[in-house]
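Peer 1: Following this message is one structure expressed as structure tokens.
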Amino acid sequence: MLTHALHDVLQRLDNAARAVQRPVPRLLAVSKTQDATAVAELAAAGQRAFGENYVQEATVKQGQLNALALEWHLIGHLQSNKAKEAATLFDWVQTVDRIKLVPALARYRPADRAPLNVLVQVNIDDETSKHGCRPEEIGALAAAIAAEPRLRLRGLMVIPIPHPDIERRRDAFARTRELFDALRHDHPDIDTLSMGMSDDCAIAIAEGATMVRVGTALFGARPAKTPDPTGHSPA
Ligand SMILES: *Cc1c(COP(=O)(O)O)cnc(C)c1O
């Protein structure tokens, strides 16, 4: 069943990219609240990159899936006191939004692992959210990351306000894309713009996403009482 859902989603991404003549983005399967069995099923169907919101939950799941060579992304808010675990457990951290995290992640990235891939999370339009840096802070954060040999700056990540009218998210995606293009002037090697979820990934792709983060469309709806890790209350 999950195999089916995976093929559907990949087809949707393909169609969305083709419609706007853009490259097909990478799919990050958001596996928060899903058990290891579900992850293993998607992995068997060929999916390799998985996103988790909580360090604790990821620790358990990764332990159970140890034998599979999966790529793990942290997409939830990162507390400073979890930097060591994050630097050890994950291949990517998509939520670096303040300078304090940078030396901590670099210090704890194990020497025998590849450098930790890092995205700067930008707060593009949500004054009420404490997560994500302001656009004018991107440059300094990116420079700090790029200066750390144990970290590898890959690009930007954004979670726009989830307007019920998804067309209203387009502008936030477009502005993030402009910030990404500007950042690439100083850091020509960056290649990742992580934006778009189950319901708005086609719009994000049209606005230049190179990676989309999809949970519900792959695994089905999550239990309702799970707190929204994006930090938004329902719109
Ligand atoms: C949960 C989550 C997603 C996936 O959302 P869906 O609507 O289930 O596709 C993507 N990004 C982040 C940061 C999330 O927390």
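Here, A, B, ... name the chains of the structure tokens in the order displayed, residue numbers run from 1 inside each chain, and ligands are numbered from 1 in the same displayed order.
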Can I get the residues close to ligand 1 as a VMD selection string, where close means within 9 Å and we count only C-alpha atoms and all ligand atoms?
Peer 2: chain A and resid 28 to 32 51 to 53 74 to 77 94 to 95 157 to 159 194 to 201 212 to 222 228 to 231
Peer 1: What lies within 10 Å of stretch 126-143 of chain A using only C-alpha atoms, ignoring chain neighbours under 4 positions off, as a compact mmCIF listing (two decimals) with all heavy atoms, in the first residue's frame?
Peer 2:
```txt
# COMPACT_ATOMS: atom_id res chain seq x y z
N GLY A 76 12.62 19.30 12.35
CA GLY A 76 11.94 19.96 13.46
C GLY A 76 12.88 20.96 14.13
O GLY A 76 14.10 20.92 13.92
N HIS A 77 12.30 21.83 14.93
CA HIS A 77 13.08 22.83 15.64
C HIS A 77 14.19 22.17 16.47
O HIS A 77 13.95 21.16 17.13
CB HIS A 77 12.16 23.63 16.57
CG HIS A 77 12.88 24.67 17.36
ND1 HIS A 77 13.43 25.78 16.77
CD2 HIS A 77 13.16 24.75 18.68
CE1 HIS A 77 14.01 26.52 17.71
NE2 HIS A 77 13.87 25.92 18.87
N LEU A 78 15.39 22.73 16.39
CA LEU A 78 16.52 22.15 17.11
C LEU A 78 16.86 23.00 18.33
O LEU A 78 17.22 24.17 18.22
CB LEU A 78 17.74 22.05 16.18
CG LEU A 78 19.03 21.53 16.80
CD1 LEU A 78 18.85 20.15 17.43
CD2 LEU A 78 20.16 21.50 15.76
N THR A 95 17.14 22.80 9.93
CA THR A 95 16.51 23.83 10.75
C THR A 95 17.51 24.69 11.52
O THR A 95 17.25 25.08 12.65
CB THR A 95 15.52 23.17 11.73
OG1 THR A 95 16.20 22.08 12.39
CG2 THR A 95 14.30 22.63 11.01
N VAL A 96 18.64 24.97 10.91
CA VAL A 96 19.60 25.86 11.57
C VAL A 96 19.12 27.30 11.37
O VAL A 96 19.03 27.79 10.24
CB VAL A 96 21.02 25.64 11.02
CG1 VAL A 96 21.97 26.70 11.57
CG2 VAL A 96 21.52 24.25 11.39
N ASP A 97 18.77 27.95 12.47
CA ASP A 97 18.18 29.29 12.36
C ASP A 97 18.83 30.30 13.31
O ASP A 97 18.35 31.43 13.43
CB ASP A 97 16.67 29.24 12.60
CG ASP A 97 16.30 28.74 13.99
OD1 ASP A 97 17.22 28.38 14.76
OD2 ASP A 97 15.10 28.73 14.31
N ARG A 98 19.91 29.89 13.99
CA ARG A 98 20.63 30.86 14.81
C ARG A 98 22.08 30.45 14.96
O ARG A 98 22.41 29.27 14.92
CB ARG A 98 19.95 31.03 16.17
CG ARG A 98 19.80 29.77 16.95
CD ARG A 98 18.63 29.88 17.96
NE ARG A 98 18.63 28.73 18.85
CZ ARG A 98 18.18 27.52 18.52
NH1 ARG A 98 17.71 27.29 17.31
NH2 ARG A 98 18.22 26.54 19.40
N ILE A 99 22.91 31.45 15.14
CA ILE A 99 24.36 31.29 15.05
C ILE A 99 24.89 30.33 16.11
O ILE A 99 25.83 29.57 15.88
CB ILE A 99 25.03 32.68 15.12
CG1 ILE A 99 26.27 32.71 14.24
CG2 ILE A 99 25.29 33.11 16.52
CD1 ILE A 99 26.01 33.22 12.86
N LYS A 100 24.24 30.31 17.25
CA LYS A 100 24.68 29.50 18.37
C LYS A 100 24.76 28.00 18.03
O LYS A 100 25.59 27.27 18.57
CB LYS A 100 23.68 29.72 19.51
CG LYS A 100 24.04 29.12 20.82
CD LYS A 100 22.95 29.44 21.84
CE LYS A 100 23.14 28.58 23.08
NZ LYS A 100 22.03 28.74 24.02
N LEU A 101 23.88 27.56 17.12
CA LEU A 101 23.86 26.14 16.77
C LEU A 101 25.07 25.73 15.95
O LEU A 101 25.46 24.56 15.93
CB LEU A 101 22.60 25.82 15.96
CG LEU A 101 21.26 25.92 16.67
CD1 LEU A 101 20.11 25.77 15.66
CD2 LEU A 101 21.14 24.83 17.76
N VAL A 102 25.66 26.69 15.24
CA VAL A 102 26.68 26.34 14.24
C VAL A 102 27.94 25.72 14.86
O VAL A 102 28.31 24.59 14.49
CB VAL A 102 27.01 27.57 13.36
CG1 VAL A 102 28.14 27.27 12.40
CG2 VAL A 102 25.75 28.02 12.61
N VAL A 118 23.75 21.02 5.95
CA VAL A 118 22.99 22.00 6.72
C VAL A 118 22.19 22.93 5.81
O VAL A 118 22.69 23.42 4.80
CB VAL A 118 23.95 22.84 7.60
CG1 VAL A 118 23.23 24.00 8.25
CG2 VAL A 118 24.62 21.97 8.67
N LEU A 119 20.93 23.14 6.18
CA LEU A 119 20.10 24.17 5.55
C LEU A 119 19.80 25.25 6.57
O LEU A 119 19.60 24.97 7.75
CB LEU A 119 18.77 23.59 5.04
CG LEU A 119 18.84 22.48 3.99
CD1 LEU A 119 17.42 22.07 3.57
CD2 LEU A 119 19.65 22.91 2.77
N VAL A 120 19.78 26.48 6.12
CA VAL A 120 19.35 27.60 6.95
C VAL A 120 17.83 27.70 6.84
O VAL A 120 17.30 27.82 5.73
CB VAL A 120 20.02 28.92 6.49
CG1 VAL A 120 19.43 30.11 7.24
CG2 VAL A 120 21.53 28.85 6.70
N GLN A 121 17.15 27.64 7.98
CA GLN A 121 15.70 27.80 7.97
C GLN A 121 15.36 29.28 8.05
O GLN A 121 15.78 29.98 8.97
CB GLN A 121 15.03 27.05 9.13
CG GLN A 121 13.50 27.18 9.09
CD GLN A 121 12.82 26.50 10.26
OE1 GLN A 121 13.46 25.87 11.10
NE2 GLN A 121 11.51 26.64 10.33
N VAL A 122 14.58 29.74 7.08
CA VAL A 122 14.24 31.16 7.04
C VAL A 122 12.76 31.36 7.37
O VAL A 122 11.91 30.59 6.95
CB VAL A 122 14.64 31.78 5.67
CG1 VAL A 122 14.03 31.04 4.52
CG2 VAL A 122 14.28 33.25 5.60
N ALA A 147 32.18 28.28 7.02
CA ALA A 147 33.52 28.35 7.59
C ALA A 147 33.87 27.12 8.43
O ALA A 147 35.01 26.95 8.84
CB ALA A 147 33.66 29.61 8.45
N GLU A 148 32.90 26.25 8.67
CA GLU A 148 33.14 25.06 9.50
C GLU A 148 33.41 23.83 8.61
O GLU A 148 32.52 23.39 7.89
CB GLU A 148 31.90 24.76 10.36
CG GLU A 148 31.60 25.78 11.42
CD GLU A 148 32.54 25.68 12.61
OE1 GLU A 148 33.44 24.80 12.62
OE2 GLU A 148 32.37 26.50 13.55
N ARG A 152 28.48 21.27 5.98
CA ARG A 152 28.41 21.61 4.56
C ARG A 152 27.11 22.37 4.28
O ARG A 152 26.03 21.81 4.41
CB ARG A 152 28.47 20.33 3.73
CG ARG A 152 28.48 20.59 2.27
CD ARG A 152 28.76 19.33 1.47
NE ARG A 152 28.47 19.58 0.07
CZ ARG A 152 28.13 18.65 -0.80
NH1 ARG A 152 28.03 17.39 -0.42
NH2 ARG A 152 27.86 18.96 -2.05
N LEU A 153 27.26 23.62 3.93
CA LEU A 153 26.10 24.45 3.61
C LEU A 153 25.46 23.97 2.31
O LEU A 153 26.13 23.90 1.27
CB LEU A 153 26.53 25.91 3.47
CG LEU A 153 25.44 26.91 3.07
CD1 LEU A 153 24.42 27.09 4.19
CD2 LEU A 153 26.06 28.25 2.67
N ARG A 154 24.17 23.63 2.36
CA ARG A 154 23.50 23.13 1.15
C ARG A 154 22.42 24.06 0.63
O ARG A 154 22.00 23.95 -0.52
CB ARG A 154 22.89 21.75 1.43
CG ARG A 154 23.89 20.66 1.82
CD ARG A 154 24.87 20.33 0.69
NE ARG A 154 24.23 19.73 -0.45
CZ ARG A 154 24.17 18.41 -0.67
NH1 ARG A 154 24.74 17.57 0.17
NH2 ARG A 154 23.59 17.94 -1.76
N GLY A 155 21.88 24.97 1.50
CA GLY A 155 20.86 25.88 0.98
C GLY A 155 19.89 26.34 2.05
O GLY A 155 20.27 26.56 3.20
N LEU A 156 18.63 26.50 1.64
CA LEU A 156 17.60 27.07 2.51
C LEU A 156 16.41 26.13 2.68
O LEU A 156 16.11 25.32 1.80
CB LEU A 156 17.06 28.39 1.92
CG LEU A 156 18.02 29.57 1.76
CD1 LEU A 156 17.27 30.77 1.16
CD2 LEU A 156 18.68 29.95 3.08
N MET A 157 15.72 26.31 3.81
CA MET A 157 14.48 25.60 4.08
C MET A 157 13.45 26.60 4.57
O MET A 157 13.80 27.56 5.27
CB MET A 157 14.75 24.54 5.15
CG MET A 157 13.55 23.67 5.51
SD MET A 157 12.53 24.34 6.84
CE MET A 157 12.11 22.82 7.67
N VAL A 158 12.19 26.41 4.18
CA VAL A 158 11.15 27.34 4.62
C VAL A 158 9.84 26.59 4.91
O VAL A 158 9.53 25.58 4.26
CB VAL A 158 10.92 28.46 3.58
CG1 VAL A 158 10.18 27.95 2.35
CG2 VAL A 158 10.18 29.64 4.20
N ILE A 159 9.13 27.08 5.91
CA ILE A 159 7.76 26.63 6.21
C ILE A 159 6.89 27.88 6.23
O ILE A 159 6.85 28.59 7.23
CB ILE A 159 7.66 25.95 7.60
CG1 ILE A 159 8.71 24.85 7.76
CG2 ILE A 159 6.25 25.40 7.83
CD1 ILE A 159 8.81 24.31 9.20
N PRO A 160 6.22 28.20 5.12
CA PRO A 160 5.40 29.41 5.13
C PRO A 160 4.16 29.26 6.01
O PRO A 160 3.81 28.14 6.39
CB PRO A 160 4.98 29.59 3.67
CG PRO A 160 5.52 28.44 2.92
CD PRO A 160 6.12 27.47 3.87
N ILE A 161 3.52 30.37 6.32
CA ILE A 161 2.23 30.29 7.02
C ILE A 161 1.29 29.41 6.19
O ILE A 161 1.16 29.62 4.99
CB ILE A 161 1.60 31.71 7.14
CG1 ILE A 161 2.43 32.57 8.10
CG2 ILE A 161 0.15 31.63 7.62
CD1 ILE A 161 1.90 33.97 8.26
N PRO A 162 0.65 28.43 6.85
CA PRO A 162 -0.21 27.53 6.07
C PRO A 162 -1.59 28.13 5.78
O PRO A 162 -2.60 27.69 6.32
CB PRO A 162 -0.33 26.30 6.98
CG PRO A 162 -0.12 26.81 8.36
CD PRO A 162 0.77 28.01 8.25
N ALA A 172 5.26 33.48 -0.76
CA ALA A 172 6.31 33.15 0.22
C ALA A 172 7.35 32.23 -0.43
O ALA A 172 8.56 32.40 -0.23
CB ALA A 172 5.69 32.48 1.44
N ARG A 175 9.48 34.34 -2.82
CA ARG A 175 10.46 35.20 -2.14
C ARG A 175 11.61 34.38 -1.56
O ARG A 175 12.76 34.82 -1.53
CB ARG A 175 9.77 36.04 -1.07
CG ARG A 175 9.10 37.29 -1.68
CD ARG A 175 8.44 38.16 -0.64
NE ARG A 175 7.27 37.49 -0.09
CZ ARG A 175 7.09 37.25 1.20
NH1 ARG A 175 7.99 37.61 2.09
NH2 ARG A 175 6.00 36.64 1.61
N THR A 176 11.31 33.17 -1.11
CA THR A 176 12.38 32.31 -0.60
C THR A 176 13.33 31.93 -1.74
O THR A 176 14.55 31.89 -1.57
CB THR A 176 11.80 31.05 0.07
OG1 THR A 176 10.81 31.45 1.03
CG2 THR A 176 12.90 30.27 0.78
N LEU A 179 15.73 34.65 -2.28
CA LEU A 179 16.78 34.64 -1.25
C LEU A 179 17.81 33.54 -1.56
O LEU A 179 19.01 33.72 -1.36
CB LEU A 179 16.17 34.41 0.13
CG LEU A 179 15.25 35.53 0.65
CD1 LEU A 179 14.54 35.08 1.93
CD2 LEU A 179 16.06 36.81 0.90
N PHE A 180 17.31 32.42 -2.05
CA PHE A 180 18.19 31.30 -2.41
C PHE A 180 19.12 31.71 -3.57
O PHE A 180 20.33 31.48 -3.51
CB PHE A 180 17.33 30.09 -2.81
CG PHE A 180 18.11 28.88 -3.22
CD1 PHE A 180 18.81 28.12 -2.29
CD2 PHE A 180 18.13 28.47 -4.55
CE1 PHE A 180 19.53 26.99 -2.68
CE2 PHE A 180 18.84 27.34 -4.94
CZ PHE A 180 19.54 26.60 -4.01
N ALA A 182 20.04 34.68 -4.36
CA ALA A 182 20.99 35.68 -3.85
C ALA A 182 22.11 35.00 -3.07
O ALA A 182 23.29 35.33 -3.22
CB ALA A 182 20.26 36.70 -2.97
N LEU A 183 21.74 34.01 -2.27
CA LEU A 183 22.74 33.30 -1.46
C LEU A 183 23.73 32.55 -2.34
O LEU A 183 24.91 32.40 -2.01
CB LEU A 183 22.02 32.32 -0.50
CG LEU A 183 22.89 31.58 0.51
CD1 LEU A 183 23.58 32.54 1.47
CD2 LEU A 183 22.04 30.57 1.30
N ASP A 186 27.12 34.15 -3.30
CA ASP A 186 28.26 34.02 -2.39
C ASP A 186 28.68 32.58 -2.18
O ASP A 186 29.81 32.31 -1.81
CB ASP A 186 27.91 34.64 -1.03
CG ASP A 186 27.69 36.13 -1.13
OD1 ASP A 186 28.27 36.74 -2.05
OD2 ASP A 186 26.91 36.68 -0.32
N HIS A 187 27.75 31.65 -2.38
CA HIS A 187 28.03 30.23 -2.13
C HIS A 187 27.55 29.43 -3.34
O HIS A 187 26.49 28.82 -3.33
CB HIS A 187 27.30 29.76 -0.87
CG HIS A 187 27.64 30.56 0.36
ND1 HIS A 187 28.74 30.29 1.14
CD2 HIS A 187 27.04 31.64 0.92
CE1 HIS A 187 28.79 31.17 2.13
NE2 HIS A 187 27.77 31.99 2.02
N THR A 230 5.30 22.21 13.22
CA THR A 230 5.69 23.42 12.50
C THR A 230 5.48 24.64 13.38
O THR A 230 5.85 25.74 13.03
CB THR A 230 4.88 23.60 11.20
OG1 THR A 230 3.50 23.73 11.53
CG2 THR A 230 5.06 22.42 10.28
N GLY A 231 4.83 24.45 14.55
CA GLY A 231 4.66 25.56 15.46
C GLY A 231 3.45 26.43 15.13
O GLY A 231 3.20 27.43 15.79
N HIS A 232 2.71 26.05 14.11
CA HIS A 232 1.53 26.83 13.75
C HIS A 232 0.30 26.23 14.40
O HIS A 232 0.15 25.02 14.42
CB HIS A 232 1.31 26.80 12.24
CG HIS A 232 2.41 27.44 11.47
ND1 HIS A 232 2.65 28.79 11.49
CD2 HIS A 232 3.35 26.92 10.66
CE1 HIS A 232 3.68 29.06 10.72
NE2 HIS A 232 4.14 27.94 10.20
```
Peer 1: Could you give me, as a PyMOL selection string, the residues within 8 Å of A:Gly208, counting only C-alpha atoms and dropping anything in the same chain fewer than 2 positions from it?
Peer 2: chain A and resi 22+173-174+177+193+204-206+210
Peer 1: Would you save the residues of that selection, restricted to all heavy atoms, as a PDB file, in the first residue's frame?
Peer 2:
```pdb
ATOM      1  N   ARG A  22      10.635  22.356 -14.962  1.00  0.00           N
ATOM      2  CA  ARG A  22      11.694  22.445 -13.966  1.00  0.00           C
ATOM      3  C   ARG A  22      12.165  21.038 -13.622  1.00  0.00           C
ATOM      4  O   ARG A  22      11.440  20.074 -13.840  1.00  0.00           O
ATOM      5  CB  ARG A  22      11.161  23.112 -12.688  1.00  0.00           C
ATOM      6  CG  ARG A  22      11.044  24.602 -12.781  1.00  0.00           C
ATOM      7  CD  ARG A  22      10.764  25.174 -11.409  1.00  0.00           C
ATOM      8  NE  ARG A  22      10.515  26.590 -11.451  1.00  0.00           N
ATOM      9  CZ  ARG A  22      11.464  27.517 -11.469  1.00  0.00           C
ATOM     10  NH1 ARG A  22      12.729  27.161 -11.453  1.00  0.00           N
ATOM     11  NH2 ARG A  22      11.154  28.793 -11.509  1.00  0.00           N
ATOM     12  N   PHE A 173       6.887  31.263  -1.219  1.00  0.00           N
ATOM     13  CA  PHE A 173       7.829  30.377  -1.920  1.00  0.00           C
ATOM     14  C   PHE A 173       8.685  31.183  -2.902  1.00  0.00           C
ATOM     15  O   PHE A 173       9.895  30.984  -2.997  1.00  0.00           O
ATOM     16  CB  PHE A 173       7.072  29.284  -2.683  1.00  0.00           C
ATOM     17  CG  PHE A 173       6.412  28.244  -1.800  1.00  0.00           C
ATOM     18  CD1 PHE A 173       5.152  27.743  -2.112  1.00  0.00           C
ATOM     19  CD2 PHE A 173       7.055  27.736  -0.680  1.00  0.00           C
ATOM     20  CE1 PHE A 173       4.541  26.763  -1.317  1.00  0.00           C
ATOM     21  CE2 PHE A 173       6.458  26.760   0.116  1.00  0.00           C
ATOM     22  CZ  PHE A 173       5.199  26.280  -0.211  1.00  0.00           C
ATOM     23  N   ALA A 174       8.046  32.088  -3.621  1.00  0.00           N
ATOM     24  CA  ALA A 174       8.780  32.869  -4.624  1.00  0.00           C
ATOM     25  C   ALA A 174       9.840  33.748  -3.965  1.00  0.00           C
ATOM     26  O   ALA A 174      10.967  33.856  -4.462  1.00  0.00           O
ATOM     27  CB  ALA A 174       7.800  33.720  -5.434  1.00  0.00           C
ATOM     28  N   ARG A 177      12.751  31.671  -2.892  1.00  0.00           N
ATOM     29  CA  ARG A 177      13.571  31.357  -4.052  1.00  0.00           C
ATOM     30  C   ARG A 177      14.511  32.517  -4.406  1.00  0.00           C
ATOM     31  O   ARG A 177      15.679  32.302  -4.762  1.00  0.00           O
ATOM     32  CB  ARG A 177      12.646  31.022  -5.236  1.00  0.00           C
ATOM     33  CG  ARG A 177      13.274  31.083  -6.592  1.00  0.00           C
ATOM     34  CD  ARG A 177      14.166  29.871  -6.852  1.00  0.00           C
ATOM     35  NE  ARG A 177      14.956  30.075  -8.046  1.00  0.00           N
ATOM     36  CZ  ARG A 177      14.478  29.962  -9.279  1.00  0.00           C
ATOM     37  NH1 ARG A 177      13.219  29.642  -9.462  1.00  0.00           N
ATOM     38  NH2 ARG A 177      15.259  30.149 -10.303  1.00  0.00           N
ATOM     39  N   LEU A 193      16.877  23.789  -2.101  1.00  0.00           N
ATOM     40  CA  LEU A 193      15.825  24.684  -1.622  1.00  0.00           C
ATOM     41  C   LEU A 193      14.667  23.792  -1.193  1.00  0.00           C
ATOM     42  O   LEU A 193      13.949  23.233  -2.032  1.00  0.00           O
ATOM     43  CB  LEU A 193      15.417  25.648  -2.740  1.00  0.00           C
ATOM     44  CG  LEU A 193      14.300  26.646  -2.424  1.00  0.00           C
ATOM     45  CD1 LEU A 193      14.592  27.450  -1.157  1.00  0.00           C
ATOM     46  CD2 LEU A 193      14.107  27.598  -3.614  1.00  0.00           C
ATOM     47  N   ALA A 204       5.154  24.844  -4.729  1.00  0.00           N
ATOM     48  CA  ALA A 204       6.561  25.017  -4.347  1.00  0.00           C
ATOM     49  C   ALA A 204       7.488  24.632  -5.502  1.00  0.00           C
ATOM     50  O   ALA A 204       8.494  25.301  -5.751  1.00  0.00           O
ATOM     51  CB  ALA A 204       6.863  24.183  -3.096  1.00  0.00           C
ATOM     52  N   ILE A 205       7.151  23.571  -6.192  1.00  0.00           N
ATOM     53  CA  ILE A 205       7.968  23.132  -7.346  1.00  0.00           C
ATOM     54  C   ILE A 205       7.955  24.202  -8.434  1.00  0.00           C
ATOM     55  O   ILE A 205       8.992  24.552  -8.996  1.00  0.00           O
ATOM     56  CB  ILE A 205       7.460  21.776  -7.879  1.00  0.00           C
ATOM     57  CG1 ILE A 205       7.746  20.669  -6.863  1.00  0.00           C
ATOM     58  CG2 ILE A 205       8.091  21.453  -9.230  1.00  0.00           C
ATOM     59  CD1 ILE A 205       7.012  19.364  -7.134  1.00  0.00           C
ATOM     60  N   ALA A 206       6.775  24.757  -8.687  1.00  0.00           N
ATOM     61  CA  ALA A 206       6.675  25.810  -9.704  1.00  0.00           C
ATOM     62  C   ALA A 206       7.526  27.011  -9.329  1.00  0.00           C
ATOM     63  O   ALA A 206       8.044  27.717 -10.193  1.00  0.00           O
ATOM     64  CB  ALA A 206       5.212  26.228  -9.884  1.00  0.00           C
ATOM     65  N   THR A 210      13.795  22.393  -4.797  1.00  0.00           N
ATOM     66  CA  THR A 210      14.598  21.254  -5.270  1.00  0.00           C
ATOM     67  C   THR A 210      14.394  20.044  -4.374  1.00  0.00           C
ATOM     68  O   THR A 210      14.878  18.958  -4.664  1.00  0.00           O
ATOM     69  CB  THR A 210      16.107  21.577  -5.294  1.00  0.00           C
ATOM     70  OG1 THR A 210      16.569  21.696  -3.944  1.00  0.00           O
ATOM     71  CG2 THR A 210      16.383  22.865  -6.060  1.00  0.00           C
TER      72      THR A 210
END
```
Peer 1: Would you list, as a PyMOL selection string, the residues of stretch 3-154 of chain A that end up in helix (DSSP H, G or I) under DSSP run on this structure's backbone?
Peer 2: chain A and resi 3-19+36-44+55-64+80-89+101-108+135-146
Peer 1: Need to verify the contact set: A:Phe90, 9 Å, only C-alpha atoms, exclusion of same-chain residues closer than 6 positions in sequence. Can you return it as a list in words?
Peer 2: Ala58, Glu71, Trp72, His73, Leu74, Leu116 and Asn117 of chain A
Peer 1: For atom CA of A:Arg150 and atom CA of A:His185, determine how far apart the two atoms are, in Å to one decimal place.
Peer 2: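 Straight-line distance from atom CA of A:Arg150 to atom CA of A:His185 works out to 22.1 Å.
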Peer 1: Tell me, in Å to one decimal, how far atom CA of A:Pro25 is from atom CA of A:Trp92.
Peer 2: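 Computed distance, atom CA of A:Pro25 to atom CA of A:Trp92, equals 16.5 Å.
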